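What follows is the content of entry_19.cif, which has mmCIF, C-alpha atoms:
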data_data
#
loop_
_atom_site.label_atom_id
_atom_site.label_comp_id
_atom_site.auth_asym_id
_atom_site.auth_seq_id
_atom_site.Cartn_x
_atom_site.Cartn_y
_atom_site.Cartn_z
CA MET A 1 -1.62 -11.54 -21.04
CA GLN A 2 -2.42 -13.03 -17.67
CA ARG A 3 -2.82 -16.74 -17.34
CA PHE A 4 -4.70 -18.32 -14.54
CA LYS A 5 -4.68 -21.79 -13.20
CA ILE A 6 -7.62 -23.07 -11.30
CA GLY A 7 -6.60 -25.17 -8.32
CA ILE A 8 -9.22 -27.71 -7.34
CA PHE A 9 -9.09 -28.31 -3.64
CA PRO A 10 -8.70 -32.08 -3.05
CA LEU A 11 -11.92 -32.40 -1.07
CA THR A 12 -13.67 -33.51 -4.25
CA LEU A 13 -12.18 -36.93 -3.58
CA PHE A 14 -14.38 -37.28 -0.53
CA PHE A 15 -17.75 -36.28 -1.89
CA THR A 16 -18.93 -39.90 -2.14
CA ILE A 17 -18.59 -40.55 1.60
CA GLN A 18 -21.85 -40.86 3.52
CA PHE A 19 -22.72 -37.70 5.40
CA SER A 20 -23.06 -38.53 9.13
CA TYR A 21 -24.12 -35.50 11.18
CA SER A 22 -23.91 -31.79 10.96
CA GLN A 23 -22.19 -29.43 13.38
CA LYS A 24 -22.98 -25.79 13.06
CA ALA A 25 -21.12 -23.13 14.98
CA LEU A 26 -20.41 -19.44 15.25
CA TYR A 27 -17.08 -18.06 16.32
CA LEU A 28 -15.35 -14.79 16.82
CA GLU A 29 -11.77 -14.72 15.58
CA LEU A 30 -9.36 -12.02 16.75
CA GLY A 31 -6.74 -11.49 14.06
CA GLY A 32 -6.74 -14.55 11.85
CA SER A 33 -7.98 -15.09 8.32
CA GLY A 34 -10.26 -12.05 8.41
CA GLY A 35 -7.36 -9.72 9.09
CA LEU A 36 -8.05 -7.70 12.22
CA GLY A 37 -10.92 -9.88 13.35
CA SER A 38 -14.05 -11.53 12.00
CA ILE A 39 -17.30 -13.22 12.84
CA ASN A 40 -17.62 -16.64 11.29
CA TYR A 41 -20.11 -19.39 10.68
CA GLU A 42 -19.00 -22.94 10.06
CA LYS A 43 -20.77 -26.16 9.21
CA THR A 44 -19.60 -29.74 8.95
CA PHE A 45 -20.16 -31.37 5.60
CA ILE A 46 -18.11 -34.53 5.99
CA ASN A 47 -17.65 -36.39 9.25
CA LYS A 48 -15.40 -39.40 9.68
CA GLU A 49 -14.10 -40.93 12.86
CA LYS A 50 -10.95 -38.87 13.10
CA ILE A 51 -11.44 -36.32 10.38
CA ASN A 52 -14.13 -33.69 9.98
CA TYR A 53 -14.47 -31.26 7.12
CA LEU A 54 -16.17 -27.93 7.61
CA TRP A 55 -16.85 -25.00 5.37
CA ARG A 56 -16.57 -21.55 6.86
CA ALA A 57 -17.83 -18.12 5.87
CA GLY A 58 -16.90 -14.99 7.76
CA VAL A 59 -17.15 -11.25 7.60
CA SER A 60 -14.97 -8.39 8.77
CA VAL A 61 -15.48 -4.67 8.25
CA PHE A 62 -13.07 -1.85 9.01
CA PRO A 63 -12.13 1.60 7.70
CA ILE A 64 -9.10 2.22 5.49
CA ASP A 65 -9.02 5.91 4.63
CA LYS A 66 -10.96 8.65 2.88
CA ASN A 67 -10.05 7.47 -0.62
CA ASN A 68 -10.84 3.82 0.01
CA GLY A 69 -13.70 4.13 2.48
CA TRP A 70 -14.42 0.94 4.38
CA VAL A 71 -13.45 -2.56 3.36
CA ILE A 72 -15.68 -5.60 3.74
CA VAL A 73 -13.62 -8.76 4.00
CA VAL A 74 -15.24 -12.16 3.47
CA PRO A 75 -13.10 -15.23 4.17
CA LEU A 76 -14.51 -18.35 2.52
CA MET A 77 -12.63 -21.42 3.61
CA VAL A 78 -12.67 -25.16 4.08
CA HIS A 79 -11.21 -26.53 7.29
CA THR A 80 -10.19 -30.02 8.30
CA LEU A 81 -10.31 -31.09 11.93
CA ILE A 82 -8.03 -34.01 12.68
CA GLY A 83 -8.15 -35.98 15.89
CA LYS A 84 -10.44 -37.60 18.37
CA GLY A 85 -11.63 -36.20 21.68
CA ASN A 86 -11.10 -32.67 22.92
CA HIS A 87 -7.86 -31.78 21.20
CA LEU A 88 -7.86 -31.33 17.47
CA ILE A 89 -5.47 -30.17 14.80
CA GLU A 90 -7.01 -27.82 12.30
CA LEU A 91 -5.99 -27.16 8.70
CA GLY A 92 -7.66 -24.72 6.36
CA ALA A 93 -7.47 -22.98 3.02
CA GLY A 94 -9.67 -20.74 0.99
CA GLN A 95 -10.17 -17.36 -0.60
CA THR A 96 -10.78 -13.97 0.93
CA ILE A 97 -12.88 -11.51 -1.02
CA SER A 98 -12.36 -7.81 -0.20
CA ILE A 99 -14.71 -5.11 -1.44
CA THR A 100 -14.44 -1.45 -0.48
CA THR A 101 -17.28 1.01 -0.19
CA LYS A 102 -15.59 2.95 -3.02
CA GLY A 103 -15.97 -0.03 -5.34
CA SER A 104 -12.50 -1.62 -5.28
CA PHE A 105 -12.08 -5.37 -5.18
CA PHE A 106 -9.31 -7.85 -4.52
CA LEU A 107 -8.67 -11.49 -3.60
CA ARG A 108 -6.11 -13.01 -1.24
CA THR A 109 -5.60 -16.62 -0.21
CA PRO A 110 -5.64 -17.41 3.53
CA LEU A 111 -4.29 -20.63 4.98
CA ALA A 112 -4.70 -22.02 8.48
CA LEU A 113 -2.78 -24.37 10.71
CA GLY A 114 -3.80 -24.57 14.34
CA TYR A 115 -5.15 -26.17 17.42
CA ARG A 116 -8.76 -26.43 18.48
CA TYR A 117 -10.06 -27.38 21.89
CA GLN A 118 -13.57 -28.71 21.43
CA HIS A 119 -15.23 -30.87 24.05
CA PRO A 120 -17.91 -33.06 22.42
CA ASP A 121 -20.44 -32.31 25.15
CA LYS A 122 -19.83 -28.61 25.60
CA LYS A 123 -20.98 -25.73 23.49
CA LEU A 124 -17.88 -23.52 23.73
CA PHE A 125 -14.69 -24.20 21.83
CA TYR A 126 -11.38 -22.40 21.38
CA ARG A 127 -8.92 -22.07 18.53
CA ILE A 128 -5.41 -20.74 18.15
CA THR A 129 -4.22 -20.66 14.61
CA TYR A 130 -1.32 -19.69 12.39
CA THR A 131 -3.06 -17.94 9.50
CA PRO A 132 -0.69 -16.78 6.77
CA ILE A 133 -2.21 -14.73 3.98
CA ILE A 134 -0.95 -15.14 0.44
CA SER A 135 -1.23 -12.71 -2.45
CA ASN A 136 -1.15 -14.49 -5.75
CA ILE A 137 -2.89 -12.35 -8.34
CA ILE A 138 -0.25 -9.83 -9.41
CA ASP A 139 2.77 -10.41 -7.20
CA LEU A 140 3.40 -13.52 -5.13
CA GLN A 141 3.65 -12.46 -1.48
CA TYR A 142 3.42 -14.34 1.80
CA GLN A 143 2.48 -12.67 5.08
CA HIS A 144 2.72 -14.32 8.48
CA TRP A 145 -0.31 -13.84 10.68
CA GLY A 146 -2.27 -15.59 13.41
CA GLY A 147 -5.49 -15.58 15.34
CA ILE A 148 -7.35 -16.78 18.38
CA SER A 149 -11.01 -17.70 18.45
CA LEU A 150 -13.88 -18.31 20.78
CA GLY A 151 -16.70 -20.37 19.34
CA LEU A 152 -20.19 -21.56 20.17
CA LYS A 153 -21.64 -24.73 18.78
CA LEU A 154 -25.21 -24.23 17.61
CA LYS A 155 -25.99 -27.89 17.13
CA MET B 1 -13.55 -25.22 -3.46
CA VAL B 2 -11.76 -23.41 -6.22
CA ILE B 3 -8.71 -21.30 -5.59
CA VAL B 4 -7.65 -18.92 -8.32
CA MET B 5 -3.94 -18.66 -8.84
CA ASN B 6 -2.06 -16.57 -11.33
CA THR B 7 0.95 -18.58 -12.32
CA SER B 8 2.48 -16.89 -15.29
CA CYS B 9 1.67 -13.21 -15.15
CA LYS B 10 4.45 -10.99 -16.43
CA LYS B 11 4.32 -7.60 -14.80
CA GLU B 12 5.95 -6.00 -17.80
CA ASN B 13 2.91 -6.97 -19.82
CA ILE B 14 0.60 -5.22 -17.40
CA PHE B 15 2.44 -2.13 -16.24
CA GLY B 16 4.07 0.68 -18.12
CA HIS B 17 7.69 0.44 -19.12
CA THR B 18 9.12 3.87 -18.55
CA ASN B 19 11.11 4.69 -15.45
CA SER B 20 12.36 8.06 -16.64
CA PHE B 21 10.79 11.44 -17.23
CA SER B 22 11.88 15.05 -17.31
CA ASP B 23 10.34 18.48 -17.75
CA ASP B 24 11.91 21.94 -17.66
CA PHE B 25 8.55 23.61 -18.24
CA GLU B 26 9.95 25.72 -21.08
CA SER B 27 7.78 24.42 -23.90
CA ILE B 28 4.38 25.53 -22.60
CA THR B 29 2.65 28.86 -22.16
CA ILE B 30 -0.34 27.82 -20.07
CA ALA B 31 -0.58 25.24 -17.29
CA ASP B 32 -3.23 23.20 -19.10
CA SER B 33 -0.62 22.29 -21.70
CA LEU B 34 1.27 20.27 -19.13
CA PHE B 35 -1.14 17.40 -19.43
CA SER B 36 -1.86 14.75 -22.01
CA GLU B 37 -2.57 11.06 -22.05
CA ASP B 38 0.61 10.05 -23.81
CA ASP B 39 3.67 8.83 -21.92
CA GLN B 40 5.60 12.02 -22.65
CA SER B 41 3.64 14.35 -20.35
CA TRP B 42 2.13 14.75 -16.92
CA ILE B 43 -1.19 12.96 -16.73
CA ALA B 44 -3.20 15.05 -14.25
CA PHE B 45 -3.18 17.34 -11.24
CA GLN B 46 -4.61 17.54 -7.74
CA LEU B 47 -6.24 20.69 -6.34
CA THR B 48 -8.11 19.67 -3.23
CA LYS B 49 -9.23 23.12 -2.06
CA THR B 50 -11.07 25.62 -4.23
CA GLU B 51 -8.50 28.33 -3.48
CA ASN B 52 -5.56 26.20 -4.57
CA PHE B 53 -4.04 26.65 -8.01
CA PHE B 54 -0.89 26.32 -10.10
CA GLU B 55 0.29 28.27 -13.14
CA VAL B 56 3.22 28.92 -15.44
CA ASP B 57 5.45 31.57 -13.90
CA THR B 58 7.90 33.73 -15.86
CA THR B 59 9.23 35.79 -12.95
CA ILE B 60 11.14 33.17 -10.99
CA ALA B 61 12.88 30.30 -12.79
CA TYR B 62 15.86 28.14 -11.88
CA ALA B 63 16.91 27.66 -15.49
CA GLY B 64 15.45 29.02 -18.69
CA LYS B 65 12.57 31.45 -18.41
CA GLN B 66 9.75 29.54 -16.77
CA SER B 67 8.80 27.49 -13.75
CA ILE B 68 5.53 26.25 -12.28
CA ARG B 69 4.11 28.21 -9.34
CA PHE B 70 1.91 26.33 -6.88
CA TYR B 71 -0.36 27.80 -4.22
CA ALA B 72 -2.12 25.91 -1.41
CA VAL B 73 -4.13 27.18 1.55
CA LYS B 74 -3.51 25.89 5.04
CA THR B 75 -5.87 23.23 6.30
CA GLU B 76 -6.90 21.46 9.44
CA ASN B 77 -9.49 19.37 7.67
CA GLY B 78 -8.26 17.14 4.86
CA ALA B 79 -5.11 17.49 2.79
CA SER B 80 -4.57 20.74 0.92
CA LYS B 81 -2.87 19.79 -2.33
CA SER B 82 -1.68 21.66 -5.37
CA SER B 83 0.39 19.25 -7.41
CA ILE B 84 0.98 17.57 -10.74
CA PHE B 85 1.54 13.88 -11.25
CA LYS B 86 2.40 11.26 -13.77
CA ASN B 87 1.38 7.62 -13.66
CA ASN B 88 1.88 4.61 -15.93
CA MET B 89 5.52 4.45 -14.97
CA ALA B 90 7.31 1.29 -13.87
CA MET B 91 10.18 1.33 -11.37
CA TYR B 92 10.85 -2.24 -10.35
CA ASP B 93 12.33 -4.06 -7.42
CA GLY B 94 16.08 -4.11 -7.94
CA GLN B 95 16.35 -0.80 -9.76
CA THR B 96 17.88 2.38 -8.36
CA VAL B 97 15.82 5.40 -9.29
CA GLN B 98 16.61 9.06 -8.78
CA LEU B 99 14.12 11.91 -8.57
CA ASN B 100 15.55 15.40 -8.99
CA ALA B 101 13.83 18.75 -8.91
CA TRP B 102 14.48 22.36 -8.04
CA TYR B 103 12.23 24.09 -5.51
CA TYR B 104 11.81 27.70 -4.43
CA LEU B 105 9.81 28.02 -1.23
CA ASN B 106 8.50 31.54 -0.83
CA GLY B 107 8.37 33.43 2.47
CA SER B 108 9.56 32.71 6.00
CA GLN B 109 6.39 31.30 7.53
CA GLU B 110 6.41 28.07 9.46
CA GLU B 111 5.85 25.03 7.26
CA ASP B 112 5.28 21.96 9.38
CA TYR B 113 4.88 18.79 7.36
CA LEU B 114 4.77 20.29 3.91
CA PHE B 115 5.23 17.55 1.30
CA LEU B 116 7.03 18.21 -1.97
CA MET B 117 7.73 14.99 -3.85
CA ASP B 118 5.99 11.60 -3.88
CA LEU B 119 6.93 8.23 -5.31
CA GLU B 120 3.85 6.02 -5.15
CA GLU B 121 2.22 2.81 -6.24
CA SER B 122 -1.43 2.61 -7.30
CA THR B 123 -3.07 -0.36 -5.62
CA PRO B 124 -6.61 -1.76 -5.85
CA ILE B 125 -6.97 -1.31 -2.09
CA GLY B 126 -4.74 1.03 -0.13
CA ALA B 127 -3.87 4.70 0.18
CA GLY B 128 -1.30 5.05 -2.61
CA PRO B 129 1.61 3.68 -0.58
CA GLY B 130 5.09 4.96 -1.19
CA ILE B 131 7.85 7.36 -0.21
CA ARG B 132 7.36 11.11 0.28
CA VAL B 133 9.81 13.94 0.81
CA GLY B 134 8.61 16.65 3.15
CA ILE B 135 9.68 19.49 5.43
CA ASP B 136 9.16 18.80 9.14
CA SER B 137 8.29 21.18 11.96
CA GLU B 138 12.00 22.04 12.38
CA ASN B 139 12.27 23.13 8.73
CA HIS B 140 14.33 20.09 7.79
CA LEU B 141 13.74 17.74 4.87
CA PHE B 142 12.68 14.26 5.91
CA ILE B 143 11.30 11.03 4.42
CA GLU B 144 7.82 9.75 5.16
CA ARG B 145 6.78 6.14 4.54
CA LYS B 146 3.60 6.02 6.57
CA LYS B 147 1.39 4.73 3.85
CA TYR B 148 3.17 1.42 3.77
CA LEU B 149 3.67 1.18 7.49
CA GLU B 150 7.39 1.87 7.73
CA LYS B 151 8.91 4.48 10.00
CA ASP B 152 9.72 8.01 8.88
CA ILE B 153 13.37 8.94 8.43
CA TYR B 154 14.72 12.20 9.80
CA GLN B 155 18.07 13.92 9.51
CA SER B 156 20.43 13.44 12.44
CA SER B 157 19.72 16.15 14.99
CA ASN B 158 23.42 17.00 15.24
CA THR B 159 23.89 17.65 11.56
CA ALA B 160 20.44 18.57 10.26
CA ILE B 161 20.40 21.32 7.67
CA GLU B 162 17.57 23.80 7.41
CA PHE B 163 15.69 24.13 4.16
CA PRO B 164 16.55 27.51 2.68
CA ARG B 165 13.81 29.96 1.81
CA ASN B 166 13.46 32.40 -1.05
CA THR B 167 16.17 30.70 -3.07
CA TRP B 168 16.35 27.74 -5.42
CA VAL B 169 17.12 24.42 -3.71
CA LYS B 170 17.83 21.14 -5.43
CA ILE B 171 16.24 18.05 -3.89
CA THR B 172 17.45 14.62 -4.99
CA LEU B 173 15.80 11.42 -3.79
CA GLU B 174 17.69 8.27 -4.74
CA VAL B 175 16.16 4.91 -3.87
CA PHE B 176 17.32 1.34 -4.37
CA LEU B 177 14.01 -0.45 -4.61
CA SER B 178 13.43 -3.54 -2.50
CA LYS B 179 10.38 -5.28 -1.05
CA LYS B 180 12.65 -6.71 1.63
CA ASN B 181 15.11 -4.98 3.95
CA LYS B 182 17.70 -4.64 1.22
CA GLY B 183 16.81 -1.19 -0.06
CA THR B 184 18.51 2.16 0.45
CA ILE B 185 17.25 5.72 0.57
CA LYS B 186 19.52 8.69 -0.05
CA LEU B 187 18.24 12.23 0.19
CA TYR B 188 20.32 15.17 -1.00
CA GLN B 189 19.80 18.89 -0.54
CA ASN B 190 21.83 20.96 -3.00
CA ASN B 191 23.91 17.83 -3.72
CA GLN B 192 24.75 17.35 -0.03
CA LEU B 193 23.77 13.98 1.38
CA ILE B 194 21.47 14.57 4.35
CA ILE B 195 19.80 11.18 4.79
CA ASP B 196 21.47 7.85 4.06
CA GLU B 197 19.32 4.92 5.13
CA LYS B 198 20.45 1.37 4.39
CA LYS B 199 18.95 -2.10 4.69
CA THR B 200 15.42 -0.86 4.60
CA LYS B 201 12.21 -1.72 2.84
CA THR B 202 11.63 0.72 0.01
CA LEU B 203 8.70 -0.86 -1.80
CA PRO B 204 5.25 -1.46 -0.32
CA THR B 205 3.90 -4.96 0.15
CA ASP B 206 0.44 -6.22 0.92
CA PHE B 207 -0.56 -5.94 4.56
CA LEU B 208 -3.58 -7.91 5.76
CA TYR B 209 -6.53 -6.36 3.94
CA VAL B 210 -5.46 -2.75 4.47
CA ILE B 211 -3.05 -2.71 1.52
CA GLN B 212 -3.81 -5.18 -1.25
CA GLY B 213 -2.56 -5.64 -4.75
CA THR B 214 0.98 -4.23 -4.51
CA ALA B 215 3.04 -5.40 -7.43
CA GLY B 216 6.64 -4.73 -6.42
CA LEU B 217 7.04 -1.50 -8.32
CA TYR B 218 6.28 2.20 -8.22
CA THR B 219 3.97 3.59 -10.88
CA ASN B 220 3.41 7.26 -10.02
CA ILE B 221 5.45 10.38 -9.38
CA GLU B 222 3.98 13.57 -7.96
CA PHE B 223 5.58 17.00 -7.56
CA GLY B 224 4.51 20.33 -6.11
CA ILE B 225 2.60 20.82 -2.87
CA THR B 226 1.60 17.18 -2.50
CA ALA B 227 0.22 18.00 0.95
CA ASN B 228 0.32 21.38 2.68
CA SER B 229 0.95 22.13 6.32
CA ILE B 230 -1.73 23.07 8.80
CA SER B 231 0.10 26.23 9.82
CA ASN B 232 0.19 28.52 6.80
CA GLU B 233 -0.58 28.89 3.13
CA THR B 234 2.27 27.98 0.79
CA ILE B 235 3.67 29.42 -2.41
CA LEU B 236 6.14 27.08 -4.10
CA TYR B 237 7.96 27.20 -7.40
CA LEU B 238 9.09 24.03 -9.23
CA ASP B 239 11.59 23.69 -12.07
CA ASP B 240 13.71 21.12 -13.90
CA VAL B 241 12.13 17.84 -12.86
CA ASP B 242 14.28 14.87 -13.83
CA VAL B 243 13.45 11.26 -12.95
CA LYS B 244 15.69 8.43 -14.10
CA GLU B 245 17.22 5.10 -13.32
CA VAL B 246 20.80 5.26 -12.12
CA LYS B 247 23.39 2.55 -11.73
#

Please lay out the structure from this file as structure tokens.
Amino acid sequence: MQRFKIGIFPLTLFFTIQFSYSQKALYLELGGSGGLGSINYEKTFINKEKINYLWRAGVSVFPIDKNNGWVIVVPLMVHTLIGKGNHLIELGAGQTISITTKGSFFLRTPLALGYRYQHPDKKLFYRITYTPIISNIIDLQYQHWGGISLGLKLK
Amino acid sequence: MVIVMNTSCKKENIFGHTNSFSDDFESITIADSLFSEDDQSWIAFQLTKTENFFEVDTTIAYAGKQSIRFYAVKTENGASKSSIFKNNMAMYDGQTVQLNAWYYLNGSQEEDYLFLMDLEESTPIGAGPGIRVGIDSENHLFIERKKYLEKDIYQSSNTAIEFPRNTWVKITLEVFLSKKNKGTIKLYQNNQLIIDEKKTKTLPTDFLYVIQGTAGLYTNIEFGITANSISNETILYLDDVDVKEVK
């Protein structure tokens, strides 16, 4: 019989902090948590002086083969931006949902550790990130990966 | 944010337990009798073209009186398969497994990239990754591992041995299973070692979102014309399949 533990991400500790302002952005990530590449939307939900928390939802679509069809990959993650000014350290974790057009489904766990260049007064920002992907449903496996991103702040 | 983690799954509780199987095809009279849902028999077959078929043959047998005769048309569009397979097996990381079978390849036509024997894992997402034994364009046995993104393994050009036609040939694939570069692959033709690969990855692992859900074991074996060449139709006889763990 399989046993599952539910890991509660420690952000619940911060839900009582006053929400300050919201940053919304879109970014294109090459490689990274979406695998080969993904389009992502992120939004700030907690903003402190040197730490921001954002949630992120992305999508990636690519073909596998005739038996599998295409796979739609949806990374759902929470990221932390640490620092003040233009240069930020970024940490992230979440879950990636994969669904194929033939009806198969699987989950993997992406992590992120990287650097973000984000000028407060400019719309464009850049990321370079180490994005390992972990399998933890049937067999514990760890895969090194990385990505680079170009983003556009919407607000 | 909730992250689901499986912390105490035992693979033995999920996957089958058997890593051995054999069939001399002597106990059946029709091909349909090969299959049943118990662990003692083949589970199913693949015929991917309407002209393809397989049947019990009593004219050419390696041992006893019967073999299985497979026929597959040539194809340039999609794999042409005529094969039988068994799943619900479990060959784990750390085991050494050996697949043996006798083959009779009819005729002298060119057979480029004809596949004869597959060791595979069923994954939620991915193209049945594993190891396949095939005949290349030079009529030499070789090992393909494309489906889990490892390089193919060919015989040394100086010592490569052609695959004989119109006679029974024993193929033995012996693999030490490893998800890391600790595995070995030995391929024998009529008990002569023709490929000896060491320190290599012999089990698939997850790769981005292209292959997902590998479990560190092989679950399926497949024999016959597991993929035909694009050059010519193929008639192949199969006898005395024997799969086992070896020390």

Spatial neighbours of stretch 198-201 of chain B, 7 Å, only C-alpha atoms, chain gap at least 5 places, as a PDB file with C-alpha atoms, in the coordinates of the input:
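Result went into part33.pdb, see below:
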ATOM      1  CA  SER B 178      13.430  -3.540  -2.500  1.00  0.00           C
ATOM      2  CA  LYS B 179      10.380  -5.280  -1.050  1.00  0.00           C
ATOM      3  CA  LYS B 180      12.650  -6.710   1.630  1.00  0.00           C
ATOM      4  CA  ASN B 181      15.110  -4.980   3.950  1.00  0.00           C
ATOM      5  CA  LYS B 182      17.700  -4.640   1.220  1.00  0.00           C
ATOM      6  CA  GLY B 183      16.810  -1.190  -0.060  1.00  0.00           C
ATOM      7  CA  THR B 184      18.510   2.160   0.450  1.00  0.00           C
ATOM      8  CA  ILE B 185      17.250   5.720   0.570  1.00  0.00           C
TER       9      ILE B 185
END

Within 6 Å of (5.5, 16.6, -13.1) in the file's own coordinates, which protein, DNA or RNA residues have an atom, counting all atoms listed in the file? List them as a count of residues only. 4

Contacts of A:Ala57 at 12 Å or less, counting all atoms listed in the file, minus same-chain residues fewer than 3 places along, as a ChimeraX atom specification? /A:24-29,33-34,38-43,54,60,73-79,93-97

Go ahead and write the selection's residues with C-alpha atoms as a JSON list (two decimals), keeping the file's coordinate frame.
[["chain", "number", "residue", "atom", "x", "y", "z"],
["A", 24, "LYS", "CA", -22.98, -25.79, 13.06],
["A", 25, "ALA", "CA", -21.12, -23.13, 14.98],
["A", 26, "LEU", "CA", -20.41, -19.44, 15.25],
["A", 27, "TYR", "CA", -17.08, -18.06, 16.32],
["A", 28, "LEU", "CA", -15.35, -14.79, 16.82],
["A", 29, "GLU", "CA", -11.77, -14.72, 15.58],
["A", 33, "SER", "CA", -7.98, -15.09, 8.32],
["A", 34, "GLY", "CA", -10.26, -12.05, 8.41],
["A", 38, "SER", "CA", -14.05, -11.53, 12.00],
["A", 39, "ILE", "CA", -17.30, -13.22, 12.84],
["A", 40, "ASN", "CA", -17.62, -16.64, 11.29],
["A", 41, "TYR", "CA", -20.11, -19.39, 10.68],
["A", 42, "GLU", "CA", -19.00, -22.94, 10.06],
["A", 43, "LYS", "CA", -20.77, -26.16, 9.21],
["A", 54, "LEU", "CA", -16.17, -27.93, 7.61],
["A", 60, "SER", "CA", -14.97, -8.39, 8.77],
["A", 73, "VAL", "CA", -13.62, -8.76, 4.00],
["A", 74, "VAL", "CA", -15.24, -12.16, 3.47],
["A", 75, "PRO", "CA", -13.10, -15.23, 4.17],
["A", 76, "LEU", "CA", -14.51, -18.35, 2.52],
["A", 77, "MET", "CA", -12.63, -21.42, 3.61],
["A", 78, "VAL", "CA", -12.67, -25.16, 4.08],
["A", 79, "HIS", "CA", -11.21, -26.53, 7.29],
["A", 93, "ALA", "CA", -7.47, -22.98, 3.02],
["A", 94, "GLY", "CA", -9.67, -20.74, 0.99],
["A", 95, "GLN", "CA", -10.17, -17.36, -0.60],
["A", 96, "THR", "CA", -10.78, -13.97, 0.93],
["A", 97, "ILE", "CA", -12.88, -11.51, -1.02]]

Any chance you could resolve the PyMOL selection byres ((chain B and resi 106-108) around 7) against this file and give the residues as a PyMOL selection string? chain B and resi 104-105+109-110+165-166+235-236

Atom CA of A:Gln141 to atom CA of B:Thr205, distance in Å rounded to a single decimal: 7.7 Å

Residues selected by the PyMOL selection byres ((chain B and resi 134-150) around 10), written as a PyMOL selection string: chain B and resi 110-118+120+126-133+151-155+157+160-165+171+173+185-189+194-195+200-207+210-211+225-229+231

Selection result of the PyMOL selection byres ((chain A and resi 67) around 10) on this file, as a PyMOL selection string: (chain A and resi 64-66+68-70+100-102) or (chain B and resi 125-128)

Calculate how many Å separate atom CA of A:Gly58 from atom CA of A:Ile72, rounding to one decimal. 10.3 Å

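Of the residues under consideration (A:Asn52, A:Asn86, A:Thr80, A:Ser98), A:Thr80 shows the shortest atom-to-atom contact distance to A:Leu111 when counting all atoms listed in the file.
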
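Counting all atoms listed in the file and comparing A:Ile138, A:Ile51, A:Leu124, A:Ile82, the residue that lies closest to chain B is A:Ile138.
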
Centre and edge lengths, as lines of an AutoDock Vina configuration file, for the axis-aligned box enclosing every listed atom of stretch 44-59 of chain B with 5 Å of padding on each of the six sides, in Å to one decimal?
center_x = -0.9
center_y = 25.4
center_z = -9.0
size_x = 30.3
size_y = 30.7
size_z = 23.8

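Each of A:Gly114, A:Gly146, A:Pro120, A:Gly151 was checked against chain B using all atoms listed in the file; the smallest atom-to-atom distance is that of A:Gly146.
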